[in-house]
$ cat entry03.txt   # compact mmCIF, C-alpha atoms
# COMPACT_ATOMS: atom_id res chain seq x y z
CA MET A 1 21.99 55.03 -41.76
CA PRO A 2 21.37 52.55 -38.96
CA LEU A 3 18.79 50.02 -40.01
CA LEU A 4 16.51 47.55 -38.31
CA PHE A 5 15.40 44.33 -39.95
CA ARG A 6 12.02 42.72 -39.55
CA GLY A 7 11.73 39.34 -41.20
CA ALA A 8 8.89 37.15 -42.39
CA ILE A 9 6.66 39.99 -43.48
CA LYS A 10 4.31 39.81 -46.46
CA GLN A 11 5.76 42.19 -48.99
CA MET A 12 2.42 42.56 -50.76
CA LYS A 13 1.13 44.37 -47.69
CA TRP A 14 3.86 46.99 -48.00
CA LEU A 15 3.66 48.02 -51.65
CA LYS A 16 4.60 51.69 -51.83
CA GLU A 17 2.34 52.51 -54.72
CA GLN A 18 -0.65 51.23 -52.78
CA ILE A 19 0.35 52.95 -49.56
CA ARG A 20 0.97 56.37 -51.10
CA PRO A 21 -2.70 57.34 -51.60
CA TRP A 22 -3.39 56.62 -47.94
CA LEU A 23 -0.52 58.82 -46.80
CA ASP A 24 -1.68 61.57 -49.12
CA ARG A 25 -4.93 61.79 -47.25
CA GLY A 26 -3.27 61.64 -43.88
CA GLU A 27 -3.98 57.99 -43.09
CA ILE A 28 -2.23 54.65 -43.23
CA PRO A 29 -3.64 51.35 -44.53
CA ALA A 30 -4.31 48.61 -42.00
CA ASP A 31 -2.41 45.83 -43.78
CA PRO A 32 1.12 46.84 -42.72
CA LEU A 33 -0.10 47.32 -39.16
CA THR A 34 -1.58 43.83 -39.01
CA ASN A 35 1.56 42.42 -40.58
CA LEU A 36 3.69 43.44 -37.59
CA THR A 37 2.50 40.92 -35.05
CA THR A 38 3.52 41.57 -31.49
CA THR A 39 4.11 39.03 -28.75
CA ASP A 40 3.82 40.13 -25.14
CA ASN A 41 3.58 43.68 -26.45
CA GLY A 42 6.98 43.34 -28.08
CA LEU A 43 8.30 43.17 -31.59
CA SER A 44 11.35 41.23 -32.66
CA VAL A 45 13.90 42.92 -34.96
CA PHE A 46 17.56 42.59 -35.88
CA VAL A 47 20.18 45.29 -36.10
CA VAL A 48 21.73 45.63 -39.54
CA GLU A 49 25.23 47.01 -39.95
CA ASP A 50 25.54 50.30 -41.82
CA ASP A 51 27.21 48.54 -44.73
CA ARG A 52 24.59 45.78 -44.60
CA SER A 53 27.35 43.21 -44.33
CA ASN A 54 25.34 41.07 -41.93
CA LEU A 55 22.04 41.27 -43.78
CA GLU A 56 22.23 37.98 -45.66
CA ARG A 57 23.35 36.14 -42.57
CA ILE A 58 20.31 37.43 -40.67
CA ILE A 59 18.01 36.41 -43.52
CA THR A 60 19.51 32.94 -43.70
CA ALA A 61 19.41 32.29 -39.98
CA HIS A 62 15.83 33.45 -39.65
CA ALA A 63 14.63 31.62 -42.75
CA ALA A 64 16.23 28.44 -41.44
CA THR A 65 13.93 28.43 -38.43
CA ARG A 66 10.92 27.77 -40.64
CA GLY A 67 9.39 24.43 -41.49
CA LYS A 68 9.89 24.37 -45.21
CA LEU A 69 11.65 26.08 -48.03
CA ASP A 70 9.76 29.13 -49.19
CA LYS A 71 10.26 32.70 -50.29
CA TYR A 72 11.36 35.10 -47.60
CA ASP A 73 10.17 38.71 -47.44
CA TYR A 74 11.66 41.29 -45.11
CA LEU A 75 11.44 44.94 -44.11
CA LEU A 76 14.25 47.41 -43.42
CA PHE A 77 13.61 50.70 -41.68
CA ASP A 78 15.55 53.48 -40.06
CA ARG A 79 16.43 52.74 -36.46
CA ARG A 80 16.08 56.41 -35.57
CA ILE A 81 12.31 56.05 -35.89
CA LEU A 82 12.36 54.34 -32.50
CA SER A 83 13.51 57.57 -30.82
CA THR A 84 10.98 59.60 -32.77
CA VAL A 85 8.18 57.41 -31.51
CA GLY A 86 9.64 56.82 -28.04
CA ILE A 87 9.98 53.06 -28.24
CA LYS A 88 12.15 51.19 -25.79
CA THR A 89 14.41 48.36 -26.79
CA GLN A 90 15.88 45.37 -25.04
CA ALA A 91 18.82 43.36 -26.28
CA THR A 92 17.71 39.77 -25.95
CA PRO A 93 19.30 36.96 -27.94
CA ALA A 94 17.26 35.47 -30.73
CA LYS A 95 16.74 31.76 -31.09
CA THR A 96 18.16 30.99 -34.50
CA GLN A 97 20.90 28.44 -34.96
CA ASP A 98 23.43 31.15 -35.71
CA SER A 99 24.72 32.47 -32.39
CA GLU A 100 26.23 35.56 -33.92
CA VAL A 101 22.96 36.47 -35.58
CA ASN A 102 21.26 35.90 -32.25
CA SER A 103 23.48 38.58 -30.75
CA TRP A 104 22.17 41.13 -33.27
CA HIS A 105 18.64 40.68 -32.07
CA LEU A 106 16.62 43.41 -30.40
CA ASP A 107 13.18 43.41 -28.85
CA LEU A 108 11.03 46.52 -29.14
CA VAL A 109 9.28 46.41 -25.81
CA GLU A 110 6.35 47.92 -23.94
CA LEU A 111 4.51 48.56 -27.16
CA SER A 112 1.15 50.12 -26.66
CA GLY A 113 -1.38 50.15 -29.45
CA ALA A 114 -0.68 53.83 -29.94
CA LYS A 115 3.07 53.28 -30.13
CA LEU A 116 2.68 50.46 -32.60
CA LEU A 117 0.46 52.66 -34.75
CA ALA A 118 2.98 55.48 -34.51
CA LEU A 119 5.83 53.13 -35.38
CA VAL A 120 4.10 51.84 -38.49
CA THR A 121 3.04 55.33 -39.49
CA GLU A 122 6.61 56.62 -39.26
CA ILE A 123 7.93 53.60 -41.13
CA LEU A 124 5.45 54.11 -43.95
CA ARG A 125 6.29 57.80 -44.15
CA SER A 126 10.00 57.03 -44.28
CA ASN A 127 12.13 55.56 -47.02
CA PHE A 128 11.57 52.00 -45.84
CA GLU A 129 12.57 49.05 -47.97
CA THR A 130 11.11 45.64 -48.53
CA ASP A 131 12.76 42.87 -50.47
CA ARG A 132 12.59 39.17 -51.05
CA ARG A 133 14.71 36.09 -51.38
CA LEU A 134 13.35 33.30 -53.55
CA PRO A 135 13.30 29.71 -52.26
CA ASN A 136 16.31 28.74 -54.35
CA ALA A 137 18.33 31.62 -52.88
CA ILE A 138 17.35 30.61 -49.35
CA SER A 139 18.35 27.04 -50.14
CA ASN A 140 21.78 28.14 -51.37
CA GLN A 141 22.28 30.43 -48.43
CA VAL A 142 21.39 27.74 -45.92
CA LYS A 143 23.87 25.36 -47.55
CA GLN A 144 26.57 28.03 -47.41
CA ALA A 145 25.79 28.76 -43.78
CA VAL A 146 26.09 25.09 -42.89
CA ASN A 147 29.36 24.81 -44.81
CA ALA A 148 30.68 27.89 -43.04
CA GLY A 149 29.80 26.39 -39.68
CA HIS A 150 27.20 29.03 -38.80
CA MET A 151 24.51 26.37 -38.57
CA ARG A 152 24.33 22.63 -38.27
CA GLN A 153 22.54 20.60 -40.87
CA GLU A 154 21.13 18.09 -38.39
CA ARG A 155 19.54 20.84 -36.36
CA LEU A 156 17.54 22.26 -39.23
CA PRO A 157 13.79 21.47 -39.31
CA LYS A 158 13.49 18.10 -41.00
CA ARG A 159 11.51 19.04 -44.05
CA LEU A 160 13.64 22.10 -44.68
CA ARG A 161 16.76 20.00 -44.30
CA ASP A 162 15.48 17.43 -46.77
CA GLU A 163 14.47 20.10 -49.26
CA VAL A 164 17.76 21.95 -49.07
CA PHE A 165 20.14 19.03 -49.04
CA SER A 166 18.38 16.62 -51.38
CA THR A 167 18.75 18.90 -54.42
CA MET B 168 7.68 -1.33 -71.02
CA ILE B 169 8.79 -3.53 -68.18
CA GLY B 170 7.99 -7.22 -68.35
CA ALA B 171 5.28 -8.27 -70.75
CA THR B 172 2.83 -10.49 -68.92
CA SER B 173 0.15 -12.95 -69.73
CA PRO B 174 -3.29 -12.56 -68.20
CA GLY B 175 -3.36 -13.86 -64.68
CA GLU B 176 0.30 -13.35 -63.95
CA ASN B 177 0.77 -11.48 -60.76
CA ILE B 178 3.79 -9.27 -61.06
CA GLY B 179 3.55 -7.75 -57.67
CA PHE B 180 5.79 -5.01 -56.47
CA ASP B 181 8.73 -7.05 -55.41
CA SER B 182 10.99 -4.14 -55.06
CA PHE B 183 10.32 -0.51 -54.79
CA ALA B 184 10.63 1.06 -58.19
CA ALA B 185 13.74 3.02 -58.79
CA THR B 186 11.79 5.85 -60.30
CA SER B 187 8.23 6.92 -60.32
CA GLU B 188 8.13 6.10 -64.01
CA ASP B 189 9.15 2.52 -63.27
CA LEU B 190 6.39 2.22 -60.73
CA TRP B 191 4.00 3.65 -63.23
CA ARG B 192 5.03 1.03 -65.78
CA GLN B 193 4.59 -1.70 -63.19
CA MET B 194 1.09 -0.48 -62.61
CA ILE B 195 0.40 -0.74 -66.31
CA HIS B 196 1.36 -4.37 -66.37
CA ARG B 197 -0.13 -5.50 -63.13
CA VAL B 198 -2.72 -8.20 -63.71
CA ARG B 199 -4.47 -9.87 -60.87
CA ARG B 200 -4.28 -13.61 -60.97
CA GLY B 201 -7.51 -15.17 -62.02
CA SER B 202 -9.44 -11.99 -62.26
CA ARG B 203 -11.30 -10.67 -65.17
CA THR B 204 -10.26 -7.16 -65.58
CA ILE B 205 -10.90 -4.21 -67.69
CA ARG B 206 -7.43 -3.43 -68.72
CA ASN B 207 -6.62 0.20 -68.98
CA GLU B 208 -3.46 2.13 -69.40
CA THR B 209 -2.87 1.71 -65.72
CA ASN B 210 -4.10 -1.88 -65.88
CA GLY B 211 -6.86 -1.17 -63.43
CA PRO B 212 -5.11 -2.62 -60.45
CA PRO B 213 -7.18 -4.69 -58.08
CA GLU B 214 -8.15 -3.39 -54.74
CA GLU B 215 -5.23 -4.60 -52.79
CA THR B 216 -2.82 -3.42 -55.40
CA LEU B 217 -4.48 -0.07 -55.39
CA TYR B 218 -3.94 0.00 -51.68
CA GLN B 219 -0.31 -0.86 -52.20
CA ILE B 220 0.05 1.87 -54.73
CA ARG B 221 -1.50 4.37 -52.43
CA GLN B 222 0.87 3.37 -49.70
CA MET B 223 3.71 3.89 -52.04
CA THR B 224 2.66 7.31 -53.21
CA ASP B 225 5.13 9.10 -51.06
CA CYS B 226 6.65 9.22 -54.49
CA GLU B 227 4.92 12.37 -55.49
CA GLU B 228 5.13 11.97 -59.21
CA ILE B 229 2.77 9.02 -59.17
CA VAL B 230 -0.74 9.83 -60.13
CA GLU B 231 -2.89 7.68 -57.99
CA THR B 232 -4.99 5.31 -60.00
CA GLN B 233 -8.49 6.55 -60.18
CA THR B 234 -10.92 4.39 -58.27
CA ILE B 235 -14.39 4.55 -59.55
CA PHE B 236 -17.51 2.86 -58.24
CA VAL B 237 -20.19 1.69 -60.62
CA GLN B 238 -23.72 2.04 -59.54
CA GLN B 239 -25.05 -0.61 -61.80
CA PRO B 240 -24.17 -4.19 -62.64
CA TYR B 241 -21.05 -4.43 -64.66
CA SER B 242 -21.44 -4.89 -68.34
CA VAL B 243 -19.40 -4.16 -71.38
CA THR B 244 -21.89 -1.44 -72.13
CA ALA B 245 -21.35 0.08 -68.71
CA ALA B 246 -17.62 -0.08 -69.14
CA GLU B 247 -17.84 1.49 -72.54
CA SER B 248 -20.02 4.22 -71.16
CA ILE B 249 -17.32 4.81 -68.60
CA LEU B 250 -14.82 5.01 -71.37
CA GLU B 251 -16.89 7.61 -73.11
CA ARG B 252 -16.26 9.79 -70.09
CA PRO B 253 -12.58 9.38 -69.55
CA LEU B 254 -11.32 10.06 -66.09
CA PRO B 255 -9.10 13.12 -65.88
CA GLY B 256 -5.54 12.37 -66.80
CA LEU B 257 -6.01 8.62 -67.26
CA PRO B 258 -6.65 7.12 -70.68
CA TRP B 259 -8.59 3.84 -70.47
CA THR B 260 -8.92 1.00 -72.90
CA ILE B 261 -10.97 -2.12 -72.77
CA ASP B 262 -9.71 -5.62 -73.11
CA PRO B 263 -12.20 -7.54 -75.25
CA ARG B 264 -11.09 -10.81 -73.71
CA ASP B 265 -12.61 -9.83 -70.39
CA ALA B 266 -16.22 -10.68 -69.96
CA PRO B 267 -18.63 -9.35 -67.40
CA ASN B 268 -19.22 -11.85 -64.68
CA ARG B 269 -20.75 -10.71 -61.47
CA THR B 270 -21.20 -7.83 -59.17
CA THR B 271 -21.29 -7.63 -55.45
CA CYS B 272 -22.84 -5.02 -53.30
CA TYR B 273 -20.65 -3.55 -50.60
CA GLY B 274 -22.59 -1.44 -48.27
CA GLU B 275 -23.74 1.70 -49.95
CA GLN B 276 -21.94 1.18 -53.18
CA GLU B 277 -22.02 -1.51 -55.75
CA ARG B 278 -18.55 -2.60 -56.59
CA LEU B 279 -17.34 -4.88 -59.31
CA MET B 280 -15.79 -8.11 -58.11
CA ALA B 281 -14.46 -9.04 -61.45
CA SER B 282 -13.28 -5.69 -62.48
CA THR B 283 -10.81 -3.25 -61.18
CA VAL B 284 -12.89 -0.41 -62.45
CA TRP B 285 -15.38 1.31 -60.26
CA GLN B 286 -17.29 4.49 -60.84
CA GLU B 287 -17.47 7.23 -58.29
CA PRO B 288 -20.80 8.74 -57.51
CA THR B 289 -21.06 12.08 -59.21
CA VAL B 290 -18.88 14.49 -57.32
CA ASP B 291 -19.56 18.17 -57.25
CA ILE B 292 -15.98 19.18 -57.82
CA ARG B 293 -16.83 22.82 -58.11
CA GLY B 294 -18.68 22.66 -54.81
CA LEU B 295 -15.66 20.99 -53.20
CA MET B 296 -13.40 23.70 -54.55
CA GLU B 297 -15.64 26.48 -53.31
CA VAL B 298 -15.71 24.99 -49.84
CA THR B 299 -11.94 24.63 -49.87
CA PHE B 300 -11.37 28.19 -50.98
CA ARG B 301 -13.89 29.55 -48.52
CA ALA B 302 -12.13 27.82 -45.66
CA ALA B 303 -8.85 29.26 -46.90
CA GLU B 304 -10.14 32.78 -46.33
CA GLU B 305 -9.94 32.08 -42.59
CA GLU B 306 -6.56 30.44 -42.62
CA PRO B 307 -3.59 32.53 -41.42
CA PHE B 308 -0.99 31.82 -44.10
CA LYS B 309 2.63 31.94 -43.10
CA ASP B 310 5.57 31.69 -45.45
CA GLY B 311 7.71 28.71 -44.63
CA MET B 312 4.80 26.68 -43.24
CA GLU B 313 2.61 24.40 -45.26
CA SER B 314 -1.03 25.38 -45.09
CA GLU B 315 -4.08 23.16 -44.91
CA PHE B 316 -5.37 24.92 -48.00
CA SER B 317 -2.22 24.04 -49.96
CA ARG B 318 -2.49 20.41 -48.89
CA GLN B 319 -6.12 20.21 -49.95
CA LEU B 320 -5.62 21.98 -53.24
CA THR B 321 -2.73 19.67 -54.06
CA SER B 322 -4.85 16.61 -53.29
CA LEU B 323 -7.72 17.91 -55.39
CA VAL B 324 -5.52 18.45 -58.41
CA ARG B 325 -3.96 15.02 -58.02
CA TYR B 326 -7.31 13.33 -57.70
CA TYR B 327 -9.46 15.23 -60.17
CA GLY B 328 -6.82 16.58 -62.53
CA ASN B 329 -7.15 19.48 -64.89
CA VAL B 330 -10.79 20.21 -64.19
CA VAL B 331 -9.62 21.61 -60.85
CA LEU B 332 -7.36 24.04 -62.64
CA ASP B 333 -10.24 25.25 -64.78
CA ILE B 334 -12.23 25.94 -61.64
CA VAL B 335 -9.31 27.69 -59.94
CA SER B 336 -8.87 29.88 -62.99
CA GLY B 337 -12.53 30.84 -62.94
CA LEU B 338 -12.55 31.58 -59.23
CA ILE B 339 -9.55 33.86 -59.60
CA VAL B 340 -10.53 35.60 -62.82
CA PHE B 341 -14.04 36.34 -61.55
CA GLN B 342 -12.66 37.47 -58.18
CA GLN B 343 -14.60 34.93 -56.21
CA VAL B 344 -11.65 34.49 -53.87
CA SER B 345 -9.51 37.02 -52.05
CA ALA B 346 -6.28 38.08 -53.70
CA GLU B 347 -4.16 36.55 -50.95
CA VAL B 348 -5.86 33.16 -51.22
CA ALA B 349 -5.53 33.32 -54.99
CA SER B 350 -1.84 34.07 -54.58
CA VAL B 351 -1.34 31.10 -52.25
CA ALA B 352 -3.26 28.90 -54.70
CA LEU B 353 -0.98 29.91 -57.56
CA ARG B 354 2.14 29.32 -55.50
CA THR B 355 0.81 25.91 -54.54
CA LEU B 356 0.07 25.03 -58.14
CA GLY B 357 3.63 25.90 -59.05
CA GLU B 358 5.17 24.02 -56.18
CA MET B 359 3.25 20.75 -56.44
CA ARG B 360 4.62 17.74 -58.28
CA HIS B 361 2.08 16.29 -60.69
CA PRO B 362 3.35 15.61 -64.20
CA LEU B 363 -0.07 15.12 -65.78
CA SER B 364 -1.23 18.61 -64.93
CA ARG B 365 2.09 20.38 -65.33
CA ASP B 366 1.37 21.94 -68.73
CA ARG B 367 -2.02 23.22 -67.63
CA ARG B 368 -0.57 24.65 -64.44
CA LEU B 369 2.15 26.38 -66.42
CA ARG B 370 -0.46 27.92 -68.74
CA LEU B 371 -2.56 29.09 -65.80
CA LEU B 372 0.41 30.69 -64.06
CA LYS B 373 1.51 32.50 -67.22
CA LYS B 374 -2.03 33.75 -67.71
CA MET B 375 -2.20 35.09 -64.16
CA LEU B 376 0.92 37.22 -64.69
CA GLY B 377 -1.47 39.61 -66.39
CA SER B 378 -3.90 39.91 -63.49
CA SER B 379 -4.94 43.35 -62.30
CA SER B 380 -4.13 42.29 -58.73
CA PRO B 381 -0.51 42.66 -57.56
CA TRP B 382 -1.01 39.75 -55.14
CA ILE B 383 -2.06 37.50 -58.00
CA ARG B 384 0.74 38.63 -60.32
CA ASP B 385 3.18 38.01 -57.50
CA GLY B 386 1.71 34.58 -56.73
CA ALA B 387 1.92 33.65 -60.40
CA ALA B 388 5.57 34.67 -60.60
CA LEU B 389 6.37 32.68 -57.48
CA GLY B 390 4.48 29.72 -58.88
CA LEU B 391 6.60 29.92 -62.01
CA ALA B 392 9.74 29.98 -59.89
CA TRP B 393 8.63 26.76 -58.22
CA LEU B 394 7.63 25.15 -61.51
CA ASP B 395 11.11 26.00 -62.79
CA ASP B 396 10.24 25.84 -66.46
CA PRO B 397 12.33 28.08 -68.72
CA SER B 398 9.51 28.18 -71.26
CA ALA B 399 7.90 30.72 -68.93
CA ILE B 400 10.70 33.21 -69.64
CA PRO B 401 8.99 35.06 -72.51
CA ALA B 402 5.82 35.50 -70.47
CA LEU B 403 7.86 36.82 -67.56
CA GLU B 404 9.78 39.22 -69.78
CA LYS B 405 6.52 40.60 -71.07
CA ALA B 406 5.11 40.88 -67.56
CA ILE B 407 8.20 42.76 -66.40
CA GLU B 408 7.87 45.26 -69.24
CA GLN B 409 4.29 45.94 -68.23
CA GLU B 410 4.78 45.89 -64.46
CA ALA B 411 4.35 49.31 -62.89
CA MET B 412 5.12 48.36 -59.30
CA GLU B 413 8.78 48.51 -58.45
CA GLU B 414 8.69 45.68 -55.92
CA LEU B 415 6.91 43.29 -58.26
CA ARG B 416 9.18 44.18 -61.12
CA ARG B 417 12.15 43.34 -58.94
CA ASN B 418 10.56 40.07 -57.82
CA MET B 419 9.75 39.04 -61.37
CA LYS B 420 13.30 39.85 -62.48
CA ALA B 421 14.60 37.59 -59.73
CA VAL B 422 12.37 34.78 -60.99
CA LEU B 423 13.48 35.46 -64.55
CA GLU B 424 17.14 35.31 -63.54
CA TYR B 425 16.50 32.04 -61.79
CA LEU B 426 14.72 30.48 -64.74
CA ALA B 427 17.35 31.74 -67.18
CA ARG B 428 20.26 30.21 -65.23
CA THR B 429 22.32 27.75 -67.20
$ encode --input "entry03.txt" --output "structure tokens"
Amino acid sequence: MPLLFRGAIKQMKWLKEQIRPWLDRGEIPADPLTNLTTTDNGLSVFVVEDDRSNLERIITAHAATRGKLDKYDYLLFDRRILSTVGIKTQATPAKTQDSEVNSWHLDLVELSGAKLLALVTEILRSNFETDRRLPNAISNQVKQAVNAGHMRQERLPKRLRDEVFST
Amino acid sequence: MIGATSPGENIGFDSFAATSEDLWRQMIHRVRRGSRTIRNETNGPPEETLYQIRQMTDCEEIVETQTIFVQQPYSVTAAESILERPLPGLPWTIDPRDAPNRTTCYGEQERLMASTVWQEPTVDIRGLMEVTFRAAEEEPFKDGMESEFSRQLTSLVRYYGNVVLDIVSGLIVFQQVSAEVASVALRTLGEMRHPLSRDRRLRLLKKMLGSSSPWIRDGAALGLAWLDDPSAIPALEKAIEQEAMEELRRNMKAVLEYLART
């Protein structure tokens, strides 16, 4: 199943047990909707390989753009939802340090309020996934990425760099 | 203990302490030349030393010496009355060799010249906390970015000690703050470095694993991950057994695995 990745969500806004009662009465809760923040009517996502082989690299690259070490929550959903809802995409490179991850980036564009609502509704009705990486896992992954040459230590945000490489 | 001193000897901080504990010991032995001091466990450093210590508290383990302002002329009785109300986290003793001498008024507050002990005007800590938490309700929290609320809460705990934790506990238990703010508070309490309050913070986080709010349970688990204390493992195991939500159970298991690493 082709998947799309949306990072830096708040997993507590996507708890399935709390969402289910809303769906049962034909509605969706507002929290997931407000947790997908658009910019210029677009939403940034990454394309995940079918075997999820690039998932950790996406997580690491995106987490490494932040100011400090912290937990990292993300959302995975079926890419086919975009066709269902009629959402256009544009392949624009992301701005992480990892150039290969940047090439996996996609912008969902020309998002109207109605389309965003439809997108979230379809996501919530689907078998979406959320998951988390703890700060220590992010720290290890960033170190590995630097060692593998995917990122450069000196280009990391200062506090993050100090937190990751001083322990 | 580093370097026993005689009264009046000015140790100074000639070199930056290798560890926060060393700096702490230096503070204990610091005696201002020629001053009459109330010696306490931190040796009540004089004003300029206090300033030095504050400048050096990039070292996060250091608990800043409490500065208190007396509102009456110094006397042994006043000092003893201060001692009857120990400042949070700082045991105080009194050196019977020191004698009250004089006081000087500085603007709005009376401050002891001869003593390194001052008493703060009564501070409504609970009021401060409520204001801080109320402001947090408007703050857009983002993972990976330090929040103003986290900074303030950390400062409050460092300055006022465990009483802050009691207030936080009450605010959360009686649902006087939103679940998200409570969660951020718990994460902050786990992440901060403050040895004197560590045990209390650990107890609070373990307690909050049993909250009825998933946000709060999650925040508590994350706080325990930051605190990185394996003694939290039994509490986490129990919380996992009782956790009905799949995502939280998974998150707690990840924290448990982390704490149980050898």
$ atom_distance --input "entry03.txt" --atom1 "atom CA of Lys95 of chain A" --atom2 "atom CA of Met1 of chain A"
26.1 Å
$ closest_residue --input "entry03.txt" --among "B:Lys309, B:Lys405, B:Arg416, B:Lys373" --to "chain A" --atoms "all atoms listed in the file"
B:Lys309
$ closest_atom_pairs --input "entry03.txt" --of "chain A" --to "chain B" --cutoff "8 Å" --atoms "all atoms listed in the file" --output "tab-separated table"
residue	atom	partner	partner_atom	distance
A:Ala8	CA	B:Asp310	CA	7.1
A:Met12	CA	B:Trp382	CA	6.2
A:Leu15	CA	B:Glu414	CA	7.0
A:Glu17	CA	B:Met412	CA	6.8
A:Ala63	CA	B:Gly311	CA	7.7
A:Arg66	CA	B:Gly311	CA	5.2
A:Gly67	CA	B:Met312	CA	5.4
A:Lys68	CA	B:Gly311	CA	4.9
A:Leu69	CA	B:Gly311	CA	5.8
A:Asp70	CA	B:Gly311	CA	5.0
A:Lys71	CA	B:Asp310	CA	6.8
A:Tyr72	CA	B:Asp310	CA	7.1
A:Thr130	CA	B:Glu414	CA	7.8
A:Asp131	CA	B:Glu414	CA	7.4
A:Arg132	CA	B:Asn418	CA	7.1
A:Leu134	CA	B:Ala421	CA	7.6
$ closest_residue --input "entry03.txt" --among "A:Leu4, A:Ala64, A:Ile59, A:Ser44" --to "Arg159 of chain A" --atoms "only C-alpha atoms"
A:Ala64
$ closest_residue --input "entry03.txt" --among "B:Thr299, B:Gln343, B:Asn329, B:Ser379" --to "Pro362 of chain B" --atoms "all atoms listed in the file"
B:Asn329
$ residues_around --input "entry03.txt" --residues "segment 118-123 of chain A" --least-positions-apart "4" --cutoff "9 Å" --atoms "all atoms listed in the file" --output "ChimeraX atom specification"
/A:23,27-28,32-33,36,77-78,81-82,84-85,87,113-114,127-128
$ residues_around --input "entry03.txt" --residues "Ser398 of chain B" --least-positions-apart "2" --cutoff "12 Å" --atoms "only C-alpha atoms" --output "PyMOL selection string"
chain B and resi 366+369-370+372-373+391-392+394-396+400-404+423+426-427
$ atom_distance --input "entry03.txt" --atom1 "atom CA of Glu306 of chain B" --atom2 "atom CA of Pro29 of chain A"
21.2 Å
$ atom_distance --input "entry03.txt" --atom1 "atom CA of Trp104 of chain A" --atom2 "atom CA of Arg80 of chain A"
16.6 Å
$ residues_near_point --input "entry03.txt" --point "(18.7, 45.5, -34.9)" --cutoff "8 Å" --atoms "all atoms listed in the file" --output "PyMOL selection string"
chain A and resi 3-5+45-48+79+104-106
$ closest_residue --input "entry03.txt" --among "B:Val324, B:Leu371, B:Ala387, B:Leu332" --to "Val351 of chain B" --atoms "all atoms listed in the file"
B:Ala387
$ decode --input "entry03.txt" --residues "segment 380-411 of chain B" --atoms "C-alpha atoms" --output "compact mmCIF listing (two decimals), in the first residue's frame"
# COMPACT_ATOMS: atom_id res chain seq x y z
CA SER B 380 -6.68 11.69 30.84
CA PRO B 381 -4.66 10.06 28.05
CA TRP B 382 -2.75 13.31 27.51
CA ILE B 383 -1.67 13.31 31.14
CA ARG B 384 -0.74 9.63 31.18
CA ASP B 385 1.27 10.20 28.03
CA GLY B 386 2.97 13.29 29.47
CA ALA B 387 3.85 11.37 32.61
CA ALA B 388 5.39 8.53 30.62
CA LEU B 389 7.41 10.98 28.56
CA GLY B 390 8.50 12.75 31.71
CA LEU B 391 9.72 9.43 33.08
CA ALA B 392 11.66 8.82 29.88
CA TRP B 393 13.42 12.14 30.36
CA LEU B 394 14.05 11.52 34.05
CA ASP B 395 15.62 8.20 33.05
CA ASP B 396 15.22 6.55 36.42
CA PRO B 397 14.84 2.75 36.32
CA SER B 398 12.98 2.84 39.64
CA ALA B 399 9.99 3.97 37.59
CA ILE B 400 9.85 0.59 35.83
CA PRO B 401 7.35 -1.10 38.19
CA ALA B 402 4.99 1.86 37.94
CA LEU B 403 5.25 1.76 34.15
CA GLU B 404 4.63 -1.97 34.05
CA LYS B 405 1.50 -1.50 36.09
CA ALA B 406 0.36 1.37 33.90
CA ILE B 407 0.87 -0.72 30.77
CA GLU B 408 -1.25 -3.53 32.20
CA GLN B 409 -4.05 -1.10 32.85
CA GLU B 410 -3.74 0.96 29.68
CA ALA B 411 -6.66 0.47 27.32
